[in-house]
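Participant: Take a look at model_29.tsv, TSV, C-alpha atoms and all ligand atoms:
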```tsv
chain	number	residue	atom	x	y	z
A	1	MET	CA	123.95	90.29	119.84
A	2	GLY	CA	120.76	89.28	117.99
A	3	ARG	CA	120.44	88.94	114.23
A	4	VAL	CA	118.20	92.04	114.07
A	5	GLN	CA	119.58	93.73	117.18
A	6	ASP	CA	117.83	97.04	117.97
A	7	LYS	CA	116.10	97.24	114.61
A	8	VAL	CA	112.48	98.39	114.69
A	9	ALA	CA	109.94	96.09	113.03
A	10	ILE	CA	106.22	96.23	112.30
A	11	VAL	CA	104.47	92.88	111.91
A	12	THR	CA	100.84	92.95	110.73
A	13	GLY	CA	98.47	90.13	111.64
A	14	ALA	CA	100.66	89.39	114.65
A	15	ALA	CA	97.84	88.08	116.87
A	16	SER	CA	98.01	84.54	115.50
A	17	GLY	CA	99.60	82.08	113.10
A	18	VAL	CA	102.71	83.13	111.20
A	19	GLY	CA	102.62	86.79	112.30
A	20	LYS	CA	102.70	85.81	115.96
A	21	GLU	CA	105.71	83.57	115.34
A	22	ASP	CA	107.45	86.31	113.30
A	23	ALA	CA	106.99	88.87	116.09
A	24	ILE	CA	108.27	86.53	118.80
A	25	LEU	CA	111.32	85.47	116.76
A	26	LEU	CA	112.25	89.03	115.69
A	27	ALA	CA	112.02	90.17	119.32
A	28	ARG	CA	114.10	87.19	120.49
A	29	GLU	CA	116.75	88.26	117.96
A	30	GLY	CA	116.91	91.77	119.41
A	31	ALA	CA	114.29	93.76	117.47
A	32	ARG	CA	111.77	96.13	118.95
A	33	VAL	CA	108.45	95.05	117.50
A	34	VAL	CA	105.16	96.79	116.77
A	35	LEU	CA	102.47	94.14	116.51
A	36	THR	CA	99.27	95.07	114.69
A	37	ASP	CA	96.04	93.18	114.15
A	38	VAL	CA	92.25	93.63	114.09
A	39	ASN	CA	92.09	91.07	116.88
A	40	GLU	CA	92.91	93.27	119.86
A	41	GLU	CA	92.60	90.66	122.60
A	42	LEU	CA	94.97	88.11	121.06
A	43	GLY	CA	97.33	90.80	119.75
A	44	ARG	CA	97.74	92.38	123.19
A	45	ALA	CA	98.37	88.95	124.70
A	46	VAL	CA	101.23	88.26	122.26
A	47	ALA	CA	102.74	91.71	122.92
A	48	LYS	CA	102.54	91.05	126.66
A	49	GLU	CA	104.26	87.69	126.18
A	50	ILE	CA	107.14	89.48	124.39
A	51	GLY	CA	107.43	92.21	127.03
A	52	ASP	CA	109.03	95.67	126.94
A	53	ARG	CA	110.36	95.36	123.41
A	54	ALA	CA	106.81	95.10	122.03
A	55	LEU	CA	103.96	97.50	121.33
A	56	PHE	CA	100.49	96.45	120.16
A	57	VAL	CA	98.40	98.74	117.94
A	58	LYS	CA	94.87	97.76	116.85
A	59	HIS	CA	94.91	98.18	113.10
A	60	ASP	CA	92.95	97.30	109.97
A	61	ILE	CA	95.57	97.11	107.20
A	62	ALA	CA	93.00	98.23	104.62
A	63	SER	CA	92.68	101.65	106.31
A	64	GLU	CA	95.16	104.36	105.30
A	65	ASP	CA	94.36	106.32	108.47
A	66	GLY	CA	95.21	103.14	110.36
A	67	TRP	CA	98.65	103.00	108.72
A	68	ILE	CA	99.29	106.67	109.50
A	69	GLU	CA	98.49	105.97	113.16
A	70	VAL	CA	100.72	102.86	113.26
A	71	MET	CA	103.65	104.83	111.79
A	72	LYS	CA	103.08	107.66	114.27
A	73	GLN	CA	103.06	105.31	117.26
A	74	THR	CA	106.11	103.44	115.93
A	75	HIS	CA	108.06	106.71	115.67
A	76	GLU	CA	106.93	107.89	119.12
A	77	LYS	CA	107.79	104.62	120.86
A	78	PHE	CA	110.88	103.43	118.95
A	79	GLY	CA	112.11	106.42	116.86
A	80	GLY	CA	111.89	105.02	113.30
A	81	LEU	CA	111.31	101.93	111.18
A	82	ASP	CA	113.72	99.34	109.73
A	83	ILE	CA	111.54	96.31	108.95
A	84	LEU	CA	107.97	95.80	107.75
A	85	VAL	CA	106.45	92.33	107.64
A	86	ASN	CA	103.24	92.66	105.64
A	87	ASN	CA	101.64	89.46	106.89
A	88	ALA	CA	97.93	89.93	107.72
A	89	ALA	CA	95.52	88.53	105.14
A	90	ILE	CA	92.16	86.85	104.72
A	91	LEU	CA	91.23	83.68	102.83
A	92	ALA	CA	87.79	83.20	101.28
A	93	TYR	CA	86.40	80.28	99.33
A	94	GLY	CA	85.22	80.91	95.75
A	95	THR	CA	86.02	79.72	92.22
A	96	ILE	CA	85.72	82.04	89.21
A	97	GLU	CA	82.15	80.71	88.82
A	98	ASP	CA	80.88	81.55	92.28
A	99	THR	CA	82.96	84.54	93.41
A	100	THR	CA	80.80	87.64	93.62
A	101	LEU	CA	82.18	91.12	92.98
A	102	GLU	CA	81.51	91.85	96.64
A	103	LEU	CA	83.67	88.92	97.82
A	104	TRP	CA	86.38	89.77	95.26
A	105	GLN	CA	86.55	93.37	96.50
A	106	LYS	CA	86.51	92.32	100.16
A	107	VAL	CA	89.59	90.13	99.61
A	108	GLN	CA	91.44	92.69	97.45
A	109	ARG	CA	90.76	95.42	99.99
A	110	VAL	CA	92.71	93.58	102.69
A	111	ASN	CA	95.19	91.41	100.76
A	112	SER	CA	96.06	93.85	98.00
A	113	ASP	CA	95.15	97.43	99.09
A	114	GLY	CA	96.40	96.67	102.62
A	115	TYR	CA	99.81	95.55	101.33
A	116	PHE	CA	100.11	98.55	98.99
A	117	LEU	CA	99.38	100.94	101.88
A	118	GLY	CA	101.85	99.18	104.16
A	119	CYS	CA	104.60	99.31	101.54
A	120	LYS	CA	103.88	102.96	100.70
A	121	HIS	CA	104.00	104.22	104.29
A	122	ALA	CA	106.90	101.97	105.31
A	123	PHE	CA	108.93	103.02	102.26
A	124	ALA	CA	108.63	106.69	103.27
A	125	ALA	CA	109.61	105.93	106.89
A	126	MET	CA	112.56	103.74	105.87
A	127	LYS	CA	113.79	106.33	103.36
A	128	GLU	CA	114.02	108.84	106.19
A	129	ARG	CA	116.04	106.27	108.17
A	130	GLY	CA	118.39	105.57	105.23
A	131	GLY	CA	117.20	102.02	104.46
A	132	GLY	CA	115.18	99.02	105.49
A	133	SER	CA	113.65	95.69	104.55
A	134	ILE	CA	110.05	94.95	103.51
A	135	VAL	CA	108.91	91.34	103.61
A	136	ASN	CA	105.60	90.66	101.88
A	137	MET	CA	103.69	87.44	102.56
A	138	SER	CA	102.41	86.10	99.28
A	139	SER	CA	101.61	82.43	98.66
A	140	MET	CA	102.08	79.56	96.25
A	141	ALA	CA	98.52	80.53	95.27
A	142	GLY	CA	100.00	83.69	93.76
A	143	ILE	CA	102.31	81.63	91.55
A	144	GLY	CA	100.25	78.57	90.69
A	145	GLY	CA	96.66	79.70	91.17
A	146	VAL	CA	94.15	77.70	93.20
A	147	SER	CA	90.75	76.85	91.76
A	148	SER	CA	88.86	77.23	95.05
A	149	PHE	CA	90.41	80.57	96.01
A	150	CYS	CA	90.11	82.80	92.96
A	151	ALA	CA	90.15	86.21	94.70
A	152	TYR	CA	92.85	85.11	97.17
A	153	SER	CA	95.11	83.77	94.38
A	154	ALA	CA	94.76	87.05	92.45
A	155	SER	CA	95.51	89.11	95.56
A	156	LYS	CA	98.69	87.11	96.23
A	157	GLY	CA	99.75	87.55	92.60
A	158	ALA	CA	99.31	91.31	93.09
A	159	VAL	CA	101.56	91.18	96.16
A	160	ALA	CA	104.33	89.50	94.14
A	161	ALA	CA	104.15	92.08	91.35
A	162	LEU	CA	103.98	94.96	93.85
A	163	THR	CA	107.11	93.55	95.50
A	164	ARG	CA	109.05	93.49	92.22
A	165	SER	CA	107.95	97.03	91.37
A	166	ILE	CA	109.15	98.36	94.73
A	167	ALA	CA	112.47	96.51	94.42
A	168	ALA	CA	112.99	97.94	90.92
A	169	HIS	CA	112.19	101.46	92.11
A	170	ALA	CA	114.59	101.21	95.06
A	171	ARG	CA	117.38	99.81	92.89
A	172	MET	CA	116.93	102.35	90.06
A	173	ASN	CA	117.06	105.22	92.53
A	174	GLY	CA	119.86	103.93	94.75
A	175	ILE	CA	117.54	103.69	97.77
A	176	LYS	CA	118.70	101.09	100.29
A	177	ILE	CA	115.28	99.54	100.83
A	178	ARG	CA	114.90	95.87	99.96
A	179	CYS	CA	111.54	94.29	99.18
A	180	ASN	CA	111.02	90.53	98.85
A	181	SER	CA	108.03	88.19	98.84
A	182	ILE	CA	107.56	84.81	100.49
A	183	HIS	CA	105.44	82.10	98.85
A	184	PRO	CA	104.50	79.28	101.20
A	185	ASP	CA	102.44	76.23	100.35
A	186	GLY	CA	100.21	75.36	103.33
A	187	ILE	CA	101.04	76.37	106.90
A	188	LYS	CA	99.48	74.94	110.06
A	189	THR	CA	97.68	78.09	111.28
A	190	PRO	CA	94.13	79.17	112.14
A	191	MET	CA	93.68	80.32	108.51
A	192	VAL	CA	93.76	76.67	107.45
A	193	PHE	CA	92.21	75.16	110.60
A	194	ASN	CA	89.11	77.39	110.14
A	195	LEU	CA	88.81	76.72	106.44
A	196	HIS	CA	86.44	73.75	106.54
A	197	SER	CA	83.91	75.55	108.72
A	198	SER	CA	83.96	78.67	106.53
A	199	MET	CA	83.34	76.81	103.25
A	200	PRO	CA	79.76	76.65	101.94
A	201	LYS	CA	78.05	73.25	101.98
A	202	GLY	CA	78.66	71.29	98.80
A	203	ALA	CA	81.64	73.46	97.81
A	204	LYS	CA	84.14	71.56	95.69
A	205	SER	CA	87.67	71.80	97.00
A	206	ALA	CA	90.65	69.50	97.25
A	207	VAL	CA	90.83	70.40	100.93
A	208	ARG	CA	87.40	68.81	101.37
A	209	GLU	CA	87.69	65.93	98.98
A	210	LYS	CA	91.11	64.59	99.81
A	211	ASP	CA	92.14	63.25	103.13
A	212	ALA	CA	92.64	66.38	105.25
A	213	LYS	CA	95.33	64.63	107.31
A	214	GLN	CA	97.29	63.78	104.18
A	215	ILE	CA	97.15	67.41	103.06
A	216	MET	CA	98.14	68.78	106.45
A	217	ALA	CA	101.13	66.41	106.53
A	218	ARG	CA	102.81	68.39	103.76
A	219	PHE	CA	102.16	71.75	105.48
A	220	ALA	CA	104.85	73.85	107.16
A	221	GLU	CA	104.95	74.98	110.77
A	222	PRO	CA	104.74	78.77	111.38
A	223	THR	CA	108.37	78.69	112.60
A	224	ASP	CA	109.51	77.42	109.18
A	225	ILE	CA	108.18	80.67	107.71
A	226	ALA	CA	109.37	82.88	110.58
A	227	ASN	CA	112.96	81.69	110.06
A	228	LEU	CA	112.86	82.95	106.46
A	229	VAL	CA	111.20	86.22	107.53
A	230	LEU	CA	114.02	86.76	110.06
A	231	PHE	CA	116.68	86.15	107.39
A	232	LEU	CA	115.04	88.55	104.91
A	233	ALA	CA	114.54	91.17	107.64
A	234	SER	CA	118.18	90.97	108.73
A	235	ASP	CA	121.28	92.37	107.02
A	236	GLU	CA	122.34	88.77	106.28
A	237	SER	CA	120.14	89.00	103.18
A	238	ARG	CA	121.53	92.39	102.08
A	239	PHE	CA	122.03	91.18	98.48
A	240	ILE	CA	118.53	89.73	98.09
A	241	GLN	CA	116.21	92.17	96.37
A	242	GLY	CA	112.89	91.59	94.55
A	243	ALA	CA	113.06	87.83	95.16
A	244	GLU	CA	110.07	85.50	95.22
A	245	MET	CA	111.02	82.90	97.77
A	246	ARG	CA	109.04	79.68	97.56
A	247	ILE	CA	108.85	77.77	100.83
A	248	ASP	CA	106.99	74.63	99.85
A	249	ASN	CA	109.31	71.69	100.50
A	250	GLY	CA	109.70	71.27	96.74
A	251	TYR	CA	105.96	70.92	96.11
A	252	LEU	CA	106.33	72.39	92.61
A	253	MET	CA	108.98	69.82	91.76
A	254	TRP	CA	106.71	66.80	91.60
A	255	ALA	CA	106.01	66.97	87.87
A	256	ASP	CA	108.47	65.27	85.53
B	1	LIG	N1	98.17	79.29	106.39
B	1	LIG	C1	98.53	78.99	105.14
B	1	LIG	O1	98.36	77.84	104.69
B	1	LIG	C2	99.17	80.04	104.26
B	1	LIG	C3	99.74	79.64	103.04
B	1	LIG	C4	100.35	80.59	102.23
B	1	LIG	C5	100.40	81.91	102.62
B	1	LIG	N2	99.82	82.27	103.80
B	1	LIG	C6	99.89	83.68	104.17
B	1	LIG	O2	100.56	83.80	105.41
B	1	LIG	C7	100.10	85.00	106.07
B	1	LIG	C8	99.72	84.68	107.51
B	1	LIG	O3	98.61	83.82	107.48
B	1	LIG	P1	98.23	82.83	108.67
B	1	LIG	O4	98.12	81.48	108.07
B	1	LIG	O5	99.12	83.06	109.84
B	1	LIG	O6	96.74	83.34	108.95
B	1	LIG	P2	95.95	83.59	110.32
B	1	LIG	O7	94.53	83.70	109.91
B	1	LIG	O8	96.34	82.61	111.35
B	1	LIG	O9	96.49	85.02	110.79
B	1	LIG	C9	96.17	86.18	110.08
B	1	LIG	C10	96.06	87.31	111.08
B	1	LIG	O10	95.72	88.50	110.33
B	1	LIG	C11	94.73	89.21	111.05
B	1	LIG	N3	93.96	90.04	110.10
B	1	LIG	C12	93.02	89.64	109.22
B	1	LIG	N4	92.54	90.70	108.55
B	1	LIG	C13	93.21	91.80	109.02
B	1	LIG	C14	93.17	93.17	108.70
B	1	LIG	N5	92.31	93.67	107.77
B	1	LIG	N6	94.00	94.01	109.36
B	1	LIG	C15	94.85	93.54	110.31
B	1	LIG	N7	94.91	92.24	110.67
B	1	LIG	C16	94.10	91.37	110.01
B	1	LIG	C17	93.89	88.14	111.73
B	1	LIG	O11	93.16	88.66	112.83
B	1	LIG	C18	94.94	87.12	112.12
B	1	LIG	O12	95.45	87.36	113.42
B	1	LIG	C19	98.96	85.53	105.21
B	1	LIG	O13	99.42	86.56	104.37
B	1	LIG	C20	98.55	84.32	104.39
B	1	LIG	O14	97.91	84.68	103.19
B	1	LIG	C21	99.22	81.38	104.64
```
Output the structure of this file as structure tokens.
Ligand SMILES: NC(=O)c1ccc[n+]([C@@H]2O[C@H](COP(=O)([O-])OP(=O)(O)OC[C@H]3O[C@@H](n4cnc5c(N)ncnc54)[C@H](O)[C@@H]3O)[C@@H](O)[C@H]2O)c1

Facilitator:
Amino acid sequence: MGRVQDKVAIVTGAASGVGKEDAILLAREGARVVLTDVNEELGRAVAKEIGDRALFVKHDIASEDGWIEVMKQTHEKFGGLDILVNNAAILAYGTIEDTTLELWQKVQRVNSDGYFLGCKHAFAAMKERGGGSIVNMSSMAGIGGVSSFCAYSASKGAVAALTRSIAAHARMNGIKIRCNSIHPDGIKTPMVFNLHSSMPKGAKSAVREKDAKQIMARFAEPTDIANLVLFLASDESRFIQGAEMRIDNGYLMWAD
């Protein structure tokens, strides 16, 4: 008997990094998993690796029509929804001084609008089912703020506040849907590996200026995050609601 045996989960951004690890672990623990991503080739490959308990749907989380289609296919294939892992996101370099409105809106569209849409459609599906668990991937950037990632930090702050609002609504109305956010420091995934190449020349960032190896040494593995996602998705965390779970190996604790 797995820890999420026969529950139905949607994991966005499941083609790589943390989302891939989440999907594989949830399936290994008995869930039936709908993997979504804009990257169709990699997403299909992960679903194939999982096997019969997986379905891949190509999906841009910023599109409401996309969410309607994902929910429809989830119902048709697996009969309902118990778990949503809102995981897909984009990272873009830019301080408050050099972030354009265009870049700001591009990031909010995916990282903020996309999470709102996921929560909205999942909440309705879970309510029909009688309950569920929503796990929203935020970041330490949403708590502390990062100079080089102004739009990203703001989007992750929005995810944390959205999470608390949903938890409050569920609790006030006696709806058995839990909603929690996860706040990692760095994780060894393509998002970070591709960062250097996507930064403009001359851009000031700690990631550039400090020893990259030293920074990466403090970063988590995707499995470290997936283990927490599994716990929050499962009934083991039934009393955890509206929590902001830092997963940073005590990074915030350095100051004294
Ligand atoms: N890597 C880190 O250091 C770090 C730190 C803190 C939080 N996070 C968060 O963890 C989550 C997972 O990030 P990751 O590091 O695995 O990144 P990643 O880039 O490896 O994976 C993100 C996935 O999301 C997909 N994606 C991007 N835009 C999409 C869209 N509009 N619709 C659907 N899919 C889309 C990508 O194709 C990719 O497969 C994100 O929410 C990220 O903000 C990451």

Participant: Let me have the centre and edge lengths of the axis-aligned box enclosing all listed atoms of region 22-35 of chain A with 5 Å padding on every side, in Å to one decimal, as lines of an AutoDock Vina configuration file.

Facilitator:
```
center_x = 109.7
center_y = 91.1
center_z = 116.9
size_x = 24.4
size_y = 21.3
size_z = 17.2
```

Participant: Counting all atoms listed in the file, name the residues that have an atom within 6 Å of an atom of ligand LIG 1 (chain B); the answer should be given as a short mmCIF file (atom, residue, chain, number, x, y, z; two decimals) with C-alpha atoms, keeping the file's coordinate frame.

Facilitator:
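Output (selection.cif):
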```cif
data_model
loop_
_atom_site.label_atom_id
_atom_site.label_comp_id
_atom_site.auth_asym_id
_atom_site.auth_seq_id
_atom_site.Cartn_x
_atom_site.Cartn_y
_atom_site.Cartn_z
CA THR A 12 100.84 92.95 110.73
CA GLY A 13 98.47 90.13 111.64
CA ALA A 14 100.66 89.39 114.65
CA ALA A 15 97.84 88.08 116.87
CA SER A 16 98.01 84.54 115.50
CA GLY A 17 99.60 82.08 113.10
CA VAL A 18 102.71 83.13 111.20
CA GLY A 19 102.62 86.79 112.30
CA ASP A 37 96.04 93.18 114.15
CA VAL A 38 92.25 93.63 114.09
CA ASN A 39 92.09 91.07 116.88
CA HIS A 59 94.91 98.18 113.10
CA ASP A 60 92.95 97.30 109.97
CA ILE A 61 95.57 97.11 107.20
CA ALA A 62 93.00 98.23 104.62
CA ASN A 87 101.64 89.46 106.89
CA ALA A 88 97.93 89.93 107.72
CA ALA A 89 95.52 88.53 105.14
CA ILE A 90 92.16 86.85 104.72
CA VAL A 110 92.71 93.58 102.69
CA MET A 137 103.69 87.44 102.56
CA SER A 138 102.41 86.10 99.28
CA SER A 139 101.61 82.43 98.66
CA PRO A 184 104.50 79.28 101.20
CA ASP A 185 102.44 76.23 100.35
CA GLY A 186 100.21 75.36 103.33
CA ILE A 187 101.04 76.37 106.90
CA LYS A 188 99.48 74.94 110.06
CA THR A 189 97.68 78.09 111.28
CA PRO A 190 94.13 79.17 112.14
CA MET A 191 93.68 80.32 108.51
CA VAL A 192 93.76 76.67 107.45
#
```

Participant: CA of Ser198 (chain A) to CA of Tyr93 (chain A): how many Å, to one decimal?

Facilitator: 7.8 Å

Participant: In Å, rounded to a single decimal, give me how far CA of Leu35 (chain A) is from CA of Asp22 (chain A).

Facilitator: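 These two atoms are separated by 9.8 Å.
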
Participant: What is the CA of Gly242 (chain A) to CA of Ala168 (chain A) distance in Å?

Facilitator: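 For CA of Gly242 (chain A) relative to CA of Ala168 (chain A), the distance reads 7.3 Å.
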
Participant: Using all atoms listed in the file, pick whichever of A:Val146, A:Ala124, A:Leu232, A:Ala226 has the shortest atom-to-atom distance to Thr95 (chain A).

Facilitator: A:Val146

Participant: Which residue, A:Tyr115, A:Phe56, A:Trp104, A:Phe193, has the smallest gap to Ala154 (chain A) when you use only C-alpha atoms?

Facilitator: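 Going through A:Tyr115, A:Phe56, A:Trp104, A:Phe193 one by one, the smallest distance to Ala154 (chain A) is for A:Trp104.
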
Participant: Do you know which residues are at most 12 Å from Ser153 (chain A) counting all atoms listed in the file, after dropping those on the same chain fewer than 5 positions away, and could you put them as a PDB file with C-alpha atoms, in the frame of the given file?

Facilitator:
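Generated output (around-v7.pdb):
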```pdb
ATOM      1  CA  ALA A  89      95.520  88.530 105.140  1.00  0.00           C
ATOM      2  CA  ILE A  90      92.160  86.850 104.720  1.00  0.00           C
ATOM      3  CA  LEU A  91      91.230  83.680 102.830  1.00  0.00           C
ATOM      4  CA  ALA A  92      87.790  83.200 101.280  1.00  0.00           C
ATOM      5  CA  TYR A  93      86.400  80.280  99.330  1.00  0.00           C
ATOM      6  CA  GLY A  94      85.220  80.910  95.750  1.00  0.00           C
ATOM      7  CA  THR A  95      86.020  79.720  92.220  1.00  0.00           C
ATOM      8  CA  ILE A  96      85.720  82.040  89.210  1.00  0.00           C
ATOM      9  CA  TRP A 104      86.380  89.770  95.260  1.00  0.00           C
ATOM     10  CA  VAL A 107      89.590  90.130  99.610  1.00  0.00           C
ATOM     11  CA  GLN A 108      91.440  92.690  97.450  1.00  0.00           C
ATOM     12  CA  ASN A 111      95.190  91.410 100.760  1.00  0.00           C
ATOM     13  CA  SER A 112      96.060  93.850  98.000  1.00  0.00           C
ATOM     14  CA  SER A 138     102.410  86.100  99.280  1.00  0.00           C
ATOM     15  CA  SER A 139     101.610  82.430  98.660  1.00  0.00           C
ATOM     16  CA  MET A 140     102.080  79.560  96.250  1.00  0.00           C
ATOM     17  CA  ALA A 141      98.520  80.530  95.270  1.00  0.00           C
ATOM     18  CA  GLY A 142     100.000  83.690  93.760  1.00  0.00           C
ATOM     19  CA  ILE A 143     102.310  81.630  91.550  1.00  0.00           C
ATOM     20  CA  GLY A 144     100.250  78.570  90.690  1.00  0.00           C
ATOM     21  CA  GLY A 145      96.660  79.700  91.170  1.00  0.00           C
ATOM     22  CA  VAL A 146      94.150  77.700  93.200  1.00  0.00           C
ATOM     23  CA  SER A 147      90.750  76.850  91.760  1.00  0.00           C
ATOM     24  CA  SER A 148      88.860  77.230  95.050  1.00  0.00           C
ATOM     25  CA  ALA A 158      99.310  91.310  93.090  1.00  0.00           C
ATOM     26  CA  VAL A 159     101.560  91.180  96.160  1.00  0.00           C
ATOM     27  CA  ALA A 160     104.330  89.500  94.140  1.00  0.00           C
ATOM     28  CA  HIS A 183     105.440  82.100  98.850  1.00  0.00           C
TER      29      HIS A 183
END
```

Participant: Name the closest residue to Ile240 (chain A) among the candidates A:Lys156, A:Arg171, A:Arg44, A:Lys106; distances are taken between atoms, counting only C-alpha atoms.

Facilitator: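 For Ile240 (chain A), the nearest of the candidates is A:Arg171.
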
Participant: Just checking: using only C-alpha atoms, which residue out of A:His121, A:Val229, A:Arg28, A:Ile177 ends up closest to Lys72 (chain A)?

Facilitator: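 Among the listed residues, the smallest separation from Lys72 (chain A) belongs to A:His121.
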
Participant: From the list A:Gly130, A:Ala217, A:Ala125, A:Val8, which residue is nearest Lys77 (chain A) when using all atoms listed in the file?

Facilitator: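 Looking only at the distances to Lys77 (chain A), the closest residue turns out to be A:Val8.
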
Participant: Using all atoms listed in the file, give me every residue within 12 Å of (114.7, 88.6, 96.1) in file coordinates, as a VMD selection string.

Facilitator: chain A and resid 133 to 136 160 163 to 168 171 177 to 183 228 231 to 233 237 to 246

Participant: Limited to C-alpha atoms, could you put the picked residues into a file as a tab-separated table (two decimals), in the coordinates of the input?

Facilitator:
```
chain	number	residue	atom	x	y	z
A	133	SER	CA	113.65	95.69	104.55
A	134	ILE	CA	110.05	94.95	103.51
A	135	VAL	CA	108.91	91.34	103.61
A	136	ASN	CA	105.60	90.66	101.88
A	160	ALA	CA	104.33	89.50	94.14
A	163	THR	CA	107.11	93.55	95.50
A	164	ARG	CA	109.05	93.49	92.22
A	165	SER	CA	107.95	97.03	91.37
A	166	ILE	CA	109.15	98.36	94.73
A	167	ALA	CA	112.47	96.51	94.42
A	168	ALA	CA	112.99	97.94	90.92
A	171	ARG	CA	117.38	99.81	92.89
A	177	ILE	CA	115.28	99.54	100.83
A	178	ARG	CA	114.90	95.87	99.96
A	179	CYS	CA	111.54	94.29	99.18
A	180	ASN	CA	111.02	90.53	98.85
A	181	SER	CA	108.03	88.19	98.84
A	182	ILE	CA	107.56	84.81	100.49
A	183	HIS	CA	105.44	82.10	98.85
A	228	LEU	CA	112.86	82.95	106.46
A	231	PHE	CA	116.68	86.15	107.39
A	232	LEU	CA	115.04	88.55	104.91
A	233	ALA	CA	114.54	91.17	107.64
A	237	SER	CA	120.14	89.00	103.18
A	238	ARG	CA	121.53	92.39	102.08
A	239	PHE	CA	122.03	91.18	98.48
A	240	ILE	CA	118.53	89.73	98.09
A	241	GLN	CA	116.21	92.17	96.37
A	242	GLY	CA	112.89	91.59	94.55
A	243	ALA	CA	113.06	87.83	95.16
A	244	GLU	CA	110.07	85.50	95.22
A	245	MET	CA	111.02	82.90	97.77
A	246	ARG	CA	109.04	79.68	97.56
```

Participant: Which one is closest to Leu162 (chain A): A:Val70, A:Ala54, A:Leu117, A:Ala23? Count all atoms listed in the file.

Facilitator: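 Among the listed residues, A:Leu117 lies closest to Leu162 (chain A).
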